[in-house]
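K.L.:
Below is the file upload-v8.cif, which contains mmCIF, N, CA and C atoms.
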```cif
data_coords
#
loop_
_atom_site.label_atom_id
_atom_site.label_comp_id
_atom_site.auth_asym_id
_atom_site.auth_seq_id
_atom_site.Cartn_x
_atom_site.Cartn_y
_atom_site.Cartn_z
N MET E 131 50.86 -15.36 -53.03
CA MET E 131 51.04 -15.40 -54.47
C MET E 131 52.50 -15.71 -54.78
N LYS E 132 52.67 -16.45 -55.84
CA LYS E 132 54.00 -16.81 -56.28
C LYS E 132 54.12 -16.44 -57.76
N ILE E 133 55.28 -15.92 -58.15
CA ILE E 133 55.48 -15.54 -59.53
C ILE E 133 55.74 -16.78 -60.37
N LYS E 134 55.18 -16.82 -61.56
CA LYS E 134 55.37 -17.94 -62.48
C LYS E 134 56.69 -17.71 -63.23
N THR E 135 57.51 -18.73 -63.27
CA THR E 135 58.82 -18.59 -63.92
C THR E 135 58.99 -19.60 -65.05
N ILE E 136 59.96 -19.32 -65.88
CA ILE E 136 60.35 -20.19 -66.97
C ILE E 136 61.88 -20.23 -67.01
N THR E 137 62.45 -21.38 -67.31
CA THR E 137 63.91 -21.51 -67.37
C THR E 137 64.33 -21.65 -68.83
N VAL E 138 65.27 -20.78 -69.24
CA VAL E 138 65.80 -20.79 -70.61
C VAL E 138 67.31 -20.82 -70.51
N ASP E 139 67.91 -21.81 -71.12
CA ASP E 139 69.37 -21.96 -71.11
C ASP E 139 69.96 -21.87 -69.70
N GLY E 140 69.28 -22.48 -68.73
CA GLY E 140 69.78 -22.51 -67.37
C GLY E 140 69.52 -21.25 -66.55
N LYS E 141 68.86 -20.26 -67.13
CA LYS E 141 68.55 -19.02 -66.42
C LYS E 141 67.04 -18.95 -66.19
N THR E 142 66.65 -18.44 -65.04
CA THR E 142 65.24 -18.36 -64.69
C THR E 142 64.71 -16.94 -64.90
N TYR E 143 63.57 -16.86 -65.57
CA TYR E 143 62.93 -15.57 -65.88
C TYR E 143 61.47 -15.61 -65.45
N ALA E 144 60.91 -14.43 -65.18
CA ALA E 144 59.48 -14.33 -64.91
C ALA E 144 58.74 -14.56 -66.22
N GLU E 145 57.67 -15.33 -66.15
CA GLU E 145 56.85 -15.53 -67.34
C GLU E 145 55.87 -14.36 -67.44
N VAL E 146 55.61 -13.88 -68.64
CA VAL E 146 54.71 -12.74 -68.85
C VAL E 146 53.54 -13.15 -69.73
N ASN E 147 52.43 -12.40 -69.61
CA ASN E 147 51.26 -12.67 -70.44
C ASN E 147 51.33 -11.87 -71.75
N GLU E 148 50.25 -11.86 -72.49
CA GLU E 148 50.20 -11.19 -73.80
C GLU E 148 50.45 -9.68 -73.71
N GLN E 149 50.11 -9.09 -72.57
CA GLN E 149 50.31 -7.65 -72.36
C GLN E 149 51.70 -7.33 -71.81
N GLY E 150 52.52 -8.36 -71.58
CA GLY E 150 53.86 -8.15 -71.03
C GLY E 150 53.89 -8.02 -69.53
N LEU E 151 52.81 -8.40 -68.86
CA LEU E 151 52.74 -8.33 -67.39
C LEU E 151 53.22 -9.64 -66.78
N PRO E 152 53.99 -9.57 -65.68
CA PRO E 152 54.42 -10.80 -65.02
C PRO E 152 53.21 -11.56 -64.48
N ILE E 153 53.25 -12.88 -64.58
CA ILE E 153 52.14 -13.72 -64.16
C ILE E 153 52.38 -14.22 -62.74
N TYR E 154 51.37 -14.06 -61.89
CA TYR E 154 51.41 -14.57 -60.53
C TYR E 154 50.39 -15.69 -60.39
N ILE E 155 50.74 -16.69 -59.58
CA ILE E 155 49.85 -17.82 -59.34
C ILE E 155 49.29 -17.70 -57.92
N HIS E 156 47.97 -17.61 -57.82
CA HIS E 156 47.30 -17.53 -56.52
C HIS E 156 47.24 -18.92 -55.90
N ASP E 157 46.89 -19.00 -54.62
CA ASP E 157 46.79 -20.27 -53.91
C ASP E 157 45.79 -21.23 -54.56
N ASP E 158 44.77 -20.68 -55.23
CA ASP E 158 43.77 -21.52 -55.89
C ASP E 158 44.17 -21.89 -57.32
N ARG E 159 45.43 -21.65 -57.68
CA ARG E 159 46.04 -21.97 -58.99
C ARG E 159 45.58 -21.04 -60.12
N ASN E 160 44.85 -19.99 -59.79
CA ASN E 160 44.43 -19.01 -60.78
C ASN E 160 45.64 -18.15 -61.16
N GLU E 161 45.92 -18.01 -62.45
CA GLU E 161 47.07 -17.23 -62.91
C GLU E 161 46.60 -15.86 -63.40
N VAL E 162 47.25 -14.79 -62.87
CA VAL E 162 46.83 -13.43 -63.17
C VAL E 162 48.05 -12.57 -63.44
N GLY E 163 47.97 -11.75 -64.52
CA GLY E 163 49.03 -10.79 -64.80
C GLY E 163 48.91 -9.61 -63.84
N PHE E 164 50.03 -9.12 -63.33
CA PHE E 164 49.99 -8.04 -62.36
C PHE E 164 50.56 -6.78 -62.98
N ASP E 165 49.75 -5.72 -63.02
CA ASP E 165 50.15 -4.43 -63.56
C ASP E 165 50.51 -3.51 -62.40
N ALA E 166 51.80 -3.50 -62.04
CA ALA E 166 52.26 -2.73 -60.87
C ALA E 166 52.02 -1.24 -61.06
N ALA E 167 52.27 -0.72 -62.25
CA ALA E 167 52.08 0.72 -62.48
C ALA E 167 50.62 1.13 -62.28
N HIS E 168 49.70 0.30 -62.72
CA HIS E 168 48.27 0.60 -62.57
C HIS E 168 47.83 0.43 -61.12
N ALA E 169 48.44 -0.47 -60.40
CA ALA E 169 48.08 -0.73 -59.00
C ALA E 169 48.46 0.44 -58.09
N VAL E 170 49.49 1.18 -58.47
CA VAL E 170 49.94 2.30 -57.65
C VAL E 170 49.05 3.46 -57.95
#
```
Could you rewrite the structure in this file as structure tokens?

P.N.:
Amino acid sequence: MKIKTITVDGKTYAEVNEQGLPIYIHDDRNEVGFDAAHAV
């Protein structure tokens, strides 16, 4: 999995979904928000 990023004013940030979760891209190109607190 790779984190989806966005560049703003020359700085790179993680892209987040509507819930504020960082978006990860799976090998099959499926994009999923990851809730680390819930996963633990």

K.L.:
Write out as a list in words which residues come within 8 Å of stretch 142-150 of chain E when counting all atoms listed in the file, dropping same-chain ones fewer than 2 positions away.

P.N.:
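These residues fall inside the cut-off: Ile133, Lys134, Thr135, Ile136, Thr137, Val138, Asp139, Gly140, Pro152, Ile153, Tyr154, Val162, Gly163, Phe164 and Asp165 of chain E.
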
K.L.:
What parts of chain E does DSSP call strand (DSSP E)? I'd like the answer as JSON, numbers by chain.

P.N.:
{"E": [132, 133, 135, 136, 137, 138, 141, 142, 143, 144, 153, 154, 155, 161, 162, 163]}

K.L.:
Limited to N, CA and C atoms, could you put the picked residues into a file as an mmCIF file, in the coordinates of the input?

P.N.:
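The resulting result.cif:
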```cif
data_model
loop_
_atom_site.group_PDB
_atom_site.id
_atom_site.type_symbol
_atom_site.label_atom_id
_atom_site.label_comp_id
_atom_site.auth_asym_id
_atom_site.auth_seq_id
_atom_site.Cartn_x
_atom_site.Cartn_y
_atom_site.Cartn_z
ATOM 1 N N LYS E 132 52.670 -16.450 -55.840
ATOM 2 C CA LYS E 132 54.000 -16.810 -56.280
ATOM 3 C C LYS E 132 54.120 -16.440 -57.760
ATOM 4 N N ILE E 133 55.280 -15.920 -58.150
ATOM 5 C CA ILE E 133 55.480 -15.540 -59.530
ATOM 6 C C ILE E 133 55.740 -16.780 -60.370
ATOM 7 N N THR E 135 57.510 -18.730 -63.270
ATOM 8 C CA THR E 135 58.820 -18.590 -63.920
ATOM 9 C C THR E 135 58.990 -19.600 -65.050
ATOM 10 N N ILE E 136 59.960 -19.320 -65.880
ATOM 11 C CA ILE E 136 60.350 -20.190 -66.970
ATOM 12 C C ILE E 136 61.880 -20.230 -67.010
ATOM 13 N N THR E 137 62.450 -21.380 -67.310
ATOM 14 C CA THR E 137 63.910 -21.510 -67.370
ATOM 15 C C THR E 137 64.330 -21.650 -68.830
ATOM 16 N N VAL E 138 65.270 -20.780 -69.240
ATOM 17 C CA VAL E 138 65.800 -20.790 -70.610
ATOM 18 C C VAL E 138 67.310 -20.820 -70.510
ATOM 19 N N LYS E 141 68.860 -20.260 -67.130
ATOM 20 C CA LYS E 141 68.550 -19.020 -66.420
ATOM 21 C C LYS E 141 67.040 -18.950 -66.190
ATOM 22 N N THR E 142 66.650 -18.440 -65.040
ATOM 23 C CA THR E 142 65.240 -18.360 -64.690
ATOM 24 C C THR E 142 64.710 -16.940 -64.900
ATOM 25 N N TYR E 143 63.570 -16.860 -65.570
ATOM 26 C CA TYR E 143 62.930 -15.570 -65.880
ATOM 27 C C TYR E 143 61.470 -15.610 -65.450
ATOM 28 N N ALA E 144 60.910 -14.430 -65.180
ATOM 29 C CA ALA E 144 59.480 -14.330 -64.910
ATOM 30 C C ALA E 144 58.740 -14.560 -66.220
ATOM 31 N N ILE E 153 53.250 -12.880 -64.580
ATOM 32 C CA ILE E 153 52.140 -13.720 -64.160
ATOM 33 C C ILE E 153 52.380 -14.220 -62.740
ATOM 34 N N TYR E 154 51.370 -14.060 -61.890
ATOM 35 C CA TYR E 154 51.410 -14.570 -60.530
ATOM 36 C C TYR E 154 50.390 -15.690 -60.390
ATOM 37 N N ILE E 155 50.740 -16.690 -59.580
ATOM 38 C CA ILE E 155 49.850 -17.820 -59.340
ATOM 39 C C ILE E 155 49.290 -17.700 -57.920
ATOM 40 N N GLU E 161 45.920 -18.010 -62.450
ATOM 41 C CA GLU E 161 47.070 -17.230 -62.910
ATOM 42 C C GLU E 161 46.600 -15.860 -63.400
ATOM 43 N N VAL E 162 47.250 -14.790 -62.870
ATOM 44 C CA VAL E 162 46.830 -13.430 -63.170
ATOM 45 C C VAL E 162 48.050 -12.570 -63.440
ATOM 46 N N GLY E 163 47.970 -11.750 -64.520
ATOM 47 C CA GLY E 163 49.030 -10.790 -64.800
ATOM 48 C C GLY E 163 48.910 -9.610 -63.840
#
```

K.L.:
Show me, as AutoDock Vina command-line options, the centre and edge lengths in Å to one decimal of the axis-aligned box that covers every listed atom of stretch 139-158 of chain E with 5 Å on each side.

P.N.:
```
--center_x 56.9 --center_y -14.9 --center_z -63.9 --size_x 36.2 --size_y 25.2 --size_z 29.9
```

K.L.:
Can you tell me, as a count of residues only, which residues in chain E count as alpha helix (DSSP H) by DSSP?

P.N.:
4

K.L.:
Please report the interatomic distance between atom N of E:His168 and atom N of E:Lys141 in Å with one decimal.

P.N.:
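Calculated distance between atom N of E:His168 and atom N of E:Lys141 is 28.4 Å.
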
K.L.:
State, in Å with one decimal place, the distance from atom N of E:Lys132 to atom C of E:Leu151.

P.N.:
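Between these atoms lies a distance of 12.9 Å.
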
K.L.:
What's the separation between atom N of E:Met131 and atom N of E:His156, in Å to one decimal place?

P.N.:
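Calculated distance between atom N of E:Met131 and atom N of E:His156 is 6.0 Å.
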